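Content type mmCIF, C-alpha atoms, from the file entry39.cif:
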data_coords
#
loop_
_atom_site.label_atom_id
_atom_site.label_comp_id
_atom_site.auth_asym_id
_atom_site.auth_seq_id
_atom_site.Cartn_x
_atom_site.Cartn_y
_atom_site.Cartn_z
CA MET M 300 127.54 30.58 58.52
CA LYS M 301 129.18 27.39 59.70
CA PHE M 302 129.05 23.69 58.94
CA GLN M 303 130.82 21.80 61.67
CA GLN M 304 131.23 18.06 61.97
CA SER M 305 132.33 16.31 65.11
CA GLU M 306 132.00 12.97 66.83
CA PHE M 307 132.33 11.31 70.20
CA ARG M 308 132.58 7.75 71.44
CA LEU M 309 130.63 5.88 74.08
CA GLN M 310 130.54 2.39 75.55
CA THR M 311 127.16 0.79 76.13
CA SER M 312 126.75 -1.68 78.98
CA ARG M 313 123.67 -3.80 78.16
CA ARG M 314 122.10 -5.59 75.21
CA SER M 315 119.31 -3.00 75.06
CA GLU M 316 119.42 0.39 76.75
CA PHE M 317 118.91 4.11 76.16
CA VAL M 318 121.98 6.18 77.09
CA ASP M 319 121.44 9.89 77.80
CA ILE M 320 123.93 11.80 75.60
CA THR M 321 122.39 15.27 76.03
CA SER M 322 125.31 16.76 77.98
CA LYS M 323 127.81 15.48 75.41
CA VAL M 324 125.77 17.01 72.56
CA ARG M 325 125.53 20.28 74.50
CA GLU M 326 129.32 20.30 74.93
CA LYS M 327 129.89 19.84 71.19
CA ILE M 328 127.41 22.59 70.30
CA SER M 329 129.09 24.89 72.79
CA GLU M 330 132.52 24.14 71.24
CA SER M 331 131.16 24.90 67.75
CA GLY M 332 130.33 28.49 68.66
CA VAL M 333 127.02 28.25 66.77
CA SER M 334 124.29 30.27 68.47
CA GLN M 335 121.40 29.70 66.07
CA GLY M 336 120.79 26.73 63.80
CA LEU M 337 120.33 22.99 63.69
CA CYS M 338 122.21 19.95 64.92
CA LEU M 339 121.89 16.48 63.44
CA VAL M 340 122.82 13.74 65.94
CA TYR M 341 123.58 10.56 64.01
CA SER M 342 124.27 6.92 64.94
CA PRO M 343 126.26 5.24 62.11
CA HIS M 344 125.36 1.72 63.25
CA THR M 345 122.71 -0.70 61.97
CA SER M 346 121.73 -2.00 65.40
CA SER M 347 121.43 1.23 67.36
CA GLY M 348 119.40 4.39 66.89
CA MET M 349 118.66 7.82 68.30
CA THR M 350 115.58 9.08 70.12
CA ILE M 351 114.39 12.03 72.19
CA ASN M 352 112.16 11.22 75.16
CA GLN M 353 111.59 11.57 78.93
CA GLY M 354 114.91 11.89 80.74
CA VAL M 355 113.86 13.23 84.11
CA GLU M 356 112.06 10.18 85.47
CA PRO M 357 114.48 7.23 85.36
CA ASP M 358 111.88 4.50 84.85
CA VAL M 359 110.54 5.74 81.51
CA THR M 360 113.26 4.73 79.05
CA PRO M 361 113.73 1.20 80.51
CA GLU M 362 110.00 0.76 80.02
CA ILE M 363 110.19 1.92 76.39
CA VAL M 364 112.97 -0.64 75.82
CA GLU M 365 110.82 -3.34 77.44
CA GLN M 366 107.83 -2.49 75.25
CA LEU M 367 109.95 -2.58 72.09
CA ASN M 368 111.39 -5.94 73.14
CA LYS M 369 107.88 -7.28 73.74
CA CYS M 370 106.81 -6.16 70.26
CA PHE M 371 109.98 -7.41 68.53
CA PRO M 372 111.39 -10.19 70.75
CA TRP M 373 115.05 -11.10 70.46
CA GLU M 374 114.16 -14.80 70.48
CA ASP M 375 111.70 -14.66 67.58
CA GLN M 376 112.14 -16.86 64.50
CA TYR M 377 114.62 -15.03 62.29
CA HIS M 378 116.23 -16.34 59.12
CA HIS M 379 119.12 -13.87 59.15
CA HIS M 380 122.19 -15.96 59.89
CA GLU M 381 123.31 -13.90 62.87
CA GLY M 382 119.84 -14.40 64.37
CA ASN M 383 119.75 -10.84 65.67
CA CYS M 384 117.27 -9.21 63.36
CA ALA M 385 115.26 -7.73 66.24
CA CYS M 386 118.01 -5.13 66.71
CA HIS M 387 117.79 -4.08 63.04
CA VAL M 388 113.98 -3.81 63.15
CA LYS M 389 114.15 -1.61 66.24
CA THR M 390 116.82 0.57 64.60
CA THR M 391 114.60 1.14 61.57
CA ILE M 392 111.62 1.96 63.77
CA ILE M 393 113.50 4.38 66.04
CA GLY M 394 115.62 5.89 63.26
CA THR M 395 119.34 6.55 63.13
CA SER M 396 119.25 10.28 63.81
CA GLU M 397 117.62 13.14 65.69
CA LYS M 398 117.52 16.82 64.81
CA VAL M 399 117.48 19.56 67.41
CA ILE M 400 117.13 23.32 67.17
CA ILE M 401 119.96 25.52 68.52
CA LYS M 402 118.81 28.82 70.02
CA ASP M 403 121.09 31.27 71.85
CA GLY M 404 123.82 28.61 71.80
CA LYS M 405 121.61 26.06 73.57
CA ILE M 406 119.51 23.09 72.48
CA LEU M 407 115.83 23.99 72.36
CA LEU M 408 114.49 20.92 74.20
CA GLY M 409 111.27 20.56 76.18
CA ASP M 410 111.73 20.57 79.99
CA CYS M 411 111.67 16.77 80.33
CA GLU M 412 113.29 15.91 76.99
CA ARG M 413 116.73 14.36 76.68
CA ILE M 414 118.59 12.88 73.68
CA PHE M 415 119.20 9.13 73.95
CA PHE M 416 121.58 6.85 72.09
CA SER M 417 119.46 3.69 71.71
CA GLU M 418 121.47 0.49 71.98
CA PHE M 419 119.76 -2.66 70.64
CA ASN M 420 122.74 -5.01 70.24
CA GLY M 421 125.17 -4.22 73.05
CA PRO M 422 127.24 -3.99 75.01
CA ARG M 423 129.52 -2.41 72.42
CA PRO M 424 131.78 0.54 71.78
CA ARG M 425 129.81 3.04 69.67
CA VAL M 426 130.33 6.37 67.97
CA VAL M 427 128.00 9.36 67.44
CA PHE M 428 128.40 11.81 64.54
CA LEU M 429 127.19 15.40 64.76
CA GLU M 430 126.60 17.94 62.01
CA ILE M 431 126.04 21.45 63.33
CA ILE M 432 124.70 24.05 60.88
CA GLY M 433 124.20 27.64 61.89
CA GLU M 434 125.69 31.00 62.61
CA MET S 98 120.73 33.04 54.07
CA LYS S 99 118.31 32.94 56.99
CA PHE S 100 117.80 30.95 60.16
CA GLN S 101 114.40 31.68 61.54
CA GLN S 102 112.81 30.21 64.65
CA SER S 103 109.15 30.44 65.44
CA GLU S 104 106.46 28.59 67.33
CA PHE S 105 102.73 28.23 67.62
CA ARG S 106 100.33 26.75 70.14
CA LEU S 107 97.51 24.26 69.77
CA GLN S 108 94.97 22.54 72.00
CA THR S 109 94.37 18.84 71.45
CA SER S 110 90.94 17.40 72.22
CA ARG S 111 91.41 13.65 72.73
CA ARG S 112 93.78 11.24 74.48
CA SER S 113 95.16 10.11 71.12
CA GLU S 114 94.72 11.98 67.84
CA PHE S 115 96.58 13.34 64.83
CA VAL S 116 95.98 17.08 64.31
CA ASP S 117 96.64 18.48 60.82
CA ILE S 118 98.99 21.47 61.27
CA THR S 119 99.97 21.88 57.61
CA SER S 120 98.25 25.24 57.10
CA LYS S 121 99.88 26.64 60.25
CA VAL S 122 103.33 25.48 59.07
CA ARG S 123 102.65 26.99 55.64
CA GLU S 124 101.73 30.30 57.29
CA LYS S 125 104.99 30.38 59.27
CA ILE S 126 107.07 29.55 56.19
CA SER S 127 105.29 32.28 54.26
CA GLU S 128 106.00 34.80 57.06
CA SER S 129 109.71 33.83 57.05
CA GLY S 130 110.16 34.92 53.45
CA VAL S 131 112.31 31.84 52.75
CA SER S 132 111.77 30.56 49.20
CA GLN S 133 114.21 27.66 49.13
CA GLY S 134 115.42 25.55 52.04
CA LEU S 135 114.34 23.28 54.86
CA CYS S 136 111.89 23.46 57.74
CA LEU S 137 112.17 21.38 60.91
CA VAL S 138 108.80 20.97 62.65
CA TYR S 139 109.44 19.96 66.25
CA SER S 140 107.25 18.79 69.17
CA PRO S 141 109.06 19.55 72.48
CA HIS S 142 106.93 17.08 74.46
CA THR S 143 107.67 13.52 75.60
CA SER S 144 104.18 12.20 74.94
CA SER S 145 103.47 13.64 71.50
CA GLY S 146 105.26 13.44 68.16
CA MET S 147 105.18 14.56 64.56
CA THR S 148 104.33 12.60 61.42
CA ILE S 149 103.56 13.14 57.74
CA ASN S 150 100.82 10.96 56.25
CA GLN S 151 97.50 10.82 54.36
CA GLY S 152 95.47 13.96 55.03
CA VAL S 153 92.91 13.88 52.24
CA GLU S 154 90.88 10.89 53.36
CA PRO S 155 89.65 11.51 56.91
CA ASP S 156 89.57 7.89 58.04
CA VAL S 157 93.27 7.17 57.59
CA THR S 158 94.87 8.89 60.58
CA PRO S 159 92.25 7.63 63.13
CA GLU S 160 93.07 4.15 61.86
CA ILE S 161 96.83 4.71 62.33
CA VAL S 162 96.11 5.82 65.90
CA GLU S 163 93.97 2.71 66.46
CA GLN S 164 96.72 0.41 65.14
CA LEU S 165 99.34 2.04 67.36
CA ASN S 166 97.04 1.68 70.36
CA LYS S 167 96.52 -1.99 69.54
CA CYS S 168 100.26 -2.55 69.39
CA PHE S 169 101.03 -0.51 72.52
CA PRO S 170 97.85 -0.55 74.63
CA TRP S 171 97.29 2.15 77.21
CA GLU S 172 96.15 -0.45 79.73
CA ASP S 173 99.26 -2.65 79.49
CA GLN S 174 101.30 -3.52 82.57
CA TYR S 175 103.67 -0.58 83.08
CA HIS S 176 105.96 0.01 86.05
CA HIS S 177 106.35 3.75 85.44
CA HIS S 178 104.53 5.42 88.31
CA GLU S 179 102.31 7.55 86.13
CA GLY S 180 101.22 4.37 84.33
CA ASN S 181 101.21 6.11 80.98
CA CYS S 182 104.26 4.66 79.31
CA ALA S 183 102.34 3.80 76.13
CA CYS S 184 102.42 7.49 75.18
CA HIS S 185 106.21 7.63 75.56
CA VAL S 186 106.73 4.47 73.48
CA LYS S 187 104.57 5.86 70.70
CA THR S 188 106.45 9.19 70.80
CA THR S 189 109.78 7.38 70.38
CA ILE S 190 108.39 5.32 67.49
CA ILE S 191 106.84 8.28 65.66
CA GLY S 192 109.65 10.70 66.44
CA THR S 193 109.48 14.26 67.76
CA SER S 194 110.11 16.06 64.47
CA GLU S 195 109.54 16.15 60.73
CA LYS S 196 111.60 17.85 58.04
CA VAL S 197 110.11 19.30 54.91
CA ILE S 198 111.65 20.85 51.81
CA ILE S 199 110.73 24.45 50.92
CA LYS S 200 110.58 25.18 47.19
CA ASP S 201 109.39 28.47 45.66
CA GLY S 202 108.17 29.49 49.12
CA LYS S 203 105.97 26.42 49.47
CA ILE S 204 106.28 23.06 51.24
CA LEU S 205 107.20 20.32 48.78
CA LEU S 206 104.65 17.72 49.93
CA GLY S 207 103.12 14.87 47.97
CA ASP S 208 99.51 15.46 46.83
CA CYS S 209 97.92 13.54 49.73
CA GLU S 210 100.54 14.35 52.38
CA ARG S 211 99.83 16.53 55.39
CA ILE S 212 101.86 17.27 58.54
CA PHE S 213 100.27 15.96 61.74
CA PHE S 214 100.93 16.79 65.37
CA SER S 215 100.52 13.38 67.02
CA GLU S 216 98.91 13.54 70.46
CA PHE S 217 99.33 10.43 72.64
CA ASN S 218 98.51 11.83 76.10
CA GLY S 219 95.82 14.47 75.63
CA PRO S 220 93.78 16.47 75.73
CA ARG S 221 96.43 19.11 76.49
CA PRO S 222 97.71 22.51 75.42
CA ARG S 223 100.77 21.92 73.24
CA VAL S 224 103.41 23.93 71.42
CA VAL S 225 105.22 23.36 68.12
CA PHE S 226 108.69 24.78 67.37
CA LEU S 227 109.87 25.52 63.84
CA GLU S 228 113.34 26.14 62.49
CA ILE S 229 113.37 27.45 58.95
CA ILE S 230 116.70 27.47 57.10
CA GLY S 231 117.03 28.86 53.63
CA GLU S 232 117.28 31.83 51.37
CA MET G 209 126.62 28.10 50.42
CA LYS G 210 124.20 26.11 48.31
CA PHE G 211 120.63 24.86 48.52
CA GLN G 212 120.05 22.32 45.81
CA GLN G 213 116.88 20.39 45.12
CA SER G 214 116.73 17.36 42.90
CA GLU G 215 114.71 14.21 42.41
CA PHE G 216 114.84 10.81 40.81
CA ARG G 217 112.32 8.11 39.95
CA LEU G 218 112.22 4.42 40.73
CA GLN G 219 109.91 1.49 40.10
CA THR G 220 109.26 -0.90 42.97
CA SER G 221 108.54 -4.55 42.21
CA ARG G 222 106.72 -5.96 45.25
CA ARG G 223 103.97 -5.01 47.68
CA SER G 224 106.53 -4.54 50.46
CA GLU G 225 110.26 -4.19 49.93
CA PHE G 226 113.28 -2.05 50.81
CA VAL G 227 115.09 -0.74 47.71
CA ASP G 228 118.73 0.35 48.15
CA ILE G 229 118.98 3.89 46.71
CA THR G 230 122.41 4.75 48.17
CA SER G 231 124.24 4.90 44.83
CA LYS G 232 121.56 7.17 43.36
CA VAL G 233 121.79 9.53 46.37
CA ARG G 234 125.61 9.51 46.06
CA GLU G 235 125.30 10.43 42.38
CA LYS G 236 123.02 13.40 43.17
CA ILE G 237 125.33 14.64 45.93
CA SER G 238 128.29 14.35 43.58
CA GLU G 239 126.43 16.36 40.92
CA SER G 240 125.60 19.09 43.47
CA GLY G 241 129.27 19.85 44.09
CA VAL G 242 128.60 20.15 47.84
CA SER G 243 131.55 18.87 49.88
CA GLN G 244 130.30 19.56 53.40
CA GLY G 245 126.73 19.69 54.63
CA LEU G 246 123.50 17.78 54.92
CA CYS G 247 121.20 15.90 52.58
CA LEU G 248 117.50 15.27 53.23
CA VAL G 249 116.21 12.22 51.32
CA TYR G 250 112.42 12.45 51.15
CA SER G 251 109.61 10.14 49.98
CA PRO G 252 106.52 12.24 49.06
CA HIS G 253 104.14 9.29 49.30
CA THR G 254 101.80 8.22 52.12
CA SER G 255 102.44 4.49 51.72
CA SER G 256 106.23 4.43 51.47
CA GLY G 257 109.03 5.69 53.69
CA MET G 258 112.77 6.00 54.05
CA THR G 259 115.15 4.14 56.34
CA ILE G 260 118.87 3.54 56.86
CA ASN G 261 119.90 0.02 57.82
CA GLN G 262 122.07 -3.01 57.03
CA GLY G 263 122.78 -3.19 53.30
CA VAL G 264 125.69 -5.59 53.14
CA GLU G 265 123.94 -8.80 54.16
CA PRO G 266 121.00 -9.36 51.79
CA ASP G 267 118.74 -11.18 54.26
CA VAL G 268 118.41 -8.34 56.77
CA THR G 269 115.98 -5.95 55.07
CA PRO G 270 113.54 -8.70 53.92
CA GLU G 271 113.45 -9.79 57.56
CA ILE G 272 112.68 -6.24 58.74
CA VAL G 273 109.82 -6.10 56.22
CA GLU G 274 108.55 -9.47 57.50
CA GLN G 275 108.64 -8.30 61.13
CA LEU G 276 106.77 -5.09 60.28
CA ASN G 277 104.15 -7.11 58.39
CA LYS G 278 103.76 -9.44 61.38
CA CYS G 279 103.20 -6.47 63.66
CA PHE G 280 100.85 -4.63 61.27
CA PRO G 281 99.33 -7.30 59.02
CA TRP G 282 97.88 -6.30 55.66
CA GLU G 283 94.81 -8.44 56.29
CA ASP G 284 93.87 -6.86 59.63
CA GLN G 285 90.45 -5.34 60.22
CA TYR G 286 90.63 -1.82 58.80
CA HIS G 287 87.74 0.61 58.37
CA HIS G 288 89.53 2.77 55.78
CA HIS G 289 87.65 2.16 52.55
CA GLU G 290 90.68 1.18 50.54
CA GLY G 291 91.45 -1.44 53.21
CA ASN G 292 95.17 -0.76 53.03
CA CYS G 293 95.82 1.07 56.24
CA ALA G 294 98.75 -1.18 57.15
CA CYS G 295 100.86 0.67 54.57
CA HIS G 296 100.04 4.04 56.15
CA VAL G 297 100.85 2.81 59.67
CA LYS G 298 104.23 1.48 58.52
CA THR G 299 104.97 4.76 56.72
CA THR G 300 104.30 6.73 59.91
CA ILE G 301 106.48 4.37 61.95
CA ILE G 302 109.40 4.39 59.49
CA GLY G 303 109.11 8.06 58.59
CA THR G 304 109.10 9.75 55.21
CA SER G 305 112.68 11.02 55.23
CA GLU G 306 116.28 10.38 56.24
CA LYS G 307 119.06 12.88 56.82
CA VAL G 308 122.68 12.14 56.07
CA ILE G 309 125.88 14.08 56.67
CA ILE G 310 128.04 15.03 53.66
CA LYS G 311 131.78 15.08 54.36
CA ASP G 312 134.47 15.59 51.70
CA GLY G 313 131.77 15.22 49.05
CA LYS G 314 130.70 11.81 50.33
CA ILE G 315 127.89 10.49 52.54
CA LEU G 316 129.13 9.81 56.06
CA LEU G 317 127.53 6.37 56.50
CA GLY G 318 128.61 3.53 58.76
CA ASP G 319 130.38 0.63 56.97
CA CYS G 320 127.24 -1.55 56.70
CA GLU G 321 124.69 1.26 56.36
CA ARG G 322 122.72 1.88 53.19
CA ILE G 323 119.74 4.17 52.44
CA PHE G 324 116.54 2.32 51.58
CA PHE G 325 113.35 3.47 49.93
CA SER G 326 110.71 1.50 51.87
CA GLU G 327 107.78 0.38 49.75
CA PHE G 328 104.64 -0.69 51.66
CA ASN G 329 102.01 -0.53 48.91
CA GLY G 330 103.72 -1.57 45.66
CA PRO G 331 104.55 -2.35 43.04
CA ARG G 332 104.37 1.28 41.93
CA PRO G 333 106.33 4.01 40.20
CA ARG G 334 107.75 6.27 42.92
CA VAL G 335 109.76 9.47 43.22
CA VAL G 336 112.40 10.59 45.73
CA PHE G 337 113.10 14.26 46.52
CA LEU G 338 116.49 15.46 47.76
CA GLU G 339 117.46 18.72 49.42
CA ILE G 340 121.20 19.21 49.65
CA ILE G 341 122.46 22.01 51.90
CA GLY G 342 126.13 22.81 52.18
CA GLU G 343 129.20 24.39 50.72
#

Would it be possible to restate this file's structure as structure tokens?
Amino acid sequence: MKFQQSEFRLQTSRRSEFVDITSKVREKISESGVSQGLCLVYSPHTSSGMTINQGVEPDVTPEIVEQLNKCFPWEDQYHHHEGNCACHVKTTIIGTSEKVIIKDGKILLGDCERIFFSEFNGPRPRVVFLEIIGE
Amino acid sequence: MKFQQSEFRLQTSRRSEFVDITSKVREKISESGVSQGLCLVYSPHTSSGMTINQGVEPDVTPEIVEQLNKCFPWEDQYHHHEGNCACHVKTTIIGTSEKVIIKDGKILLGDCERIFFSEFNGPRPRVVFLEIIGE
Amino acid sequence: MKFQQSEFRLQTSRRSEFVDITSKVREKISESGVSQGLCLVYSPHTSSGMTINQGVEPDVTPEIVEQLNKCFPWEDQYHHHEGNCACHVKTTIIGTSEKVIIKDGKILLGDCERIFFSEFNGPRPRVVFLEIIGE
């Protein structure tokens, strides 16, 4: 029975974008030696989140970003002094973490699913925390 | 201390609907023999998610679906070649999994809470993965 | 290896508001004696949720609430007999739980992150369930 914490860094390149971090998460799970359990993938930022969605067709996640921006436009009337509340709203809606099942040392994802770091206030250097629980 | 993975299948019957899967999750938890712990209920699809909400009054979840459709209409202008990006946006907003507490062998839900598989691109055959951790 | 369940009560004071419960969650984790692991923070209600967001600048969460209300207005046309479906939609979008990593007996949050109980149908007495897993 193991509890293993790790982290990795990434650099986003746009104000809003979804960055596929699946291979990095796979690498960390592989390093942990856990073959069965759970992994929490956590963004410790208030203007970025985590989501799992279509990662095989490249036009899906940009379209999700576009739809979120349409619903919560950056240029809306915000009182918050930094004027960037749209990024916080989107973070709350998406959520700061995702949980995946580990089976036979691998992430149990659907065929088209990938894990995405969701940047809403970039470009910025970011960090991802992982908590792997299993045996 | 146990880690137990299981799954079950379901068939959705509409393009968008919330299907109450609470009794099925209860059955799987009961089979696992875990009396105290956590259960992750996971949808491995990119156009369906998981949510916990009102399951006692039958008109609540259809209304949630209607509100989501109003916010992210199926017929909107999407570039994605399949033209069905609304289902992916809603999946990202709802999330692909829910976590429930297991206490005395039962799910610790509020009185009116039920677990719903959230179909956004049906009708389709679907699968639900469970990871039960506990003792 | 411990599984520890606990709960605490709170009273919300508005129809919609985010209440910072971080110190209460910290207290419960401290009481559990767990130094490394996970904590699930769960709202067992169908008209309130849980989110992690900016807790240092006081104008951010009221603005998130305002944006959510703009997107899903209380006064919209709902069929649900209680006429309060907006609170259920927001609960489904926000989610009923948050998961945090416990490291060295403390919650591994980003510098500006705080855990918020998200009231969408107050003021009401509410309860929060916690499941702490770790060692």

Apply the PyMOL selection byres ((chain M) within 6 of (chain S)) to the structure shown and report the selected residues as a tab-separated table (two decimals) with C-alpha atoms, in the coordinates of the input.
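Result saved to result22.tsv:
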chain	number	residue	atom	x	y	z
M	352	ASN	CA	112.16	11.22	75.16
M	353	GLN	CA	111.59	11.57	78.93
M	358	ASP	CA	111.88	4.50	84.85
M	363	ILE	CA	110.19	1.92	76.39
M	392	ILE	CA	111.62	1.96	63.77
M	393	ILE	CA	113.50	4.38	66.04
M	408	LEU	CA	114.49	20.92	74.20
M	409	GLY	CA	111.27	20.56	76.18

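Residues selected in this file by the PyMOL selection byres ((chain S and resi 103-116) around 8) comprise Gln101, Gln102, Asp117, Ile118, Lys125, Thr158, Pro159, Val162, Phe213, Phe214, Ser215, Glu216, Phe217, Asn218, Gly219, Pro220, Arg221, Pro222, Arg223, Val224, Val225, Phe226, Leu227 and Glu228 of chain S.
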
Report, in Å to a single decimal, how far apart atom CA of G:Gln244 and atom CA of M:Glu434 are. 15.4 Å

Length of the atom CA of M:Glu374 to atom CA of G:Val268 vector [Å]: 15.7 Å

Applied to the shown file, which residues does the PyMOL selection byres ((chain S and resi 126) around 10) return, written as a ChimeraX atom specification? /S:101,103,120-125,127-132,135-136,199,202-204,227-230
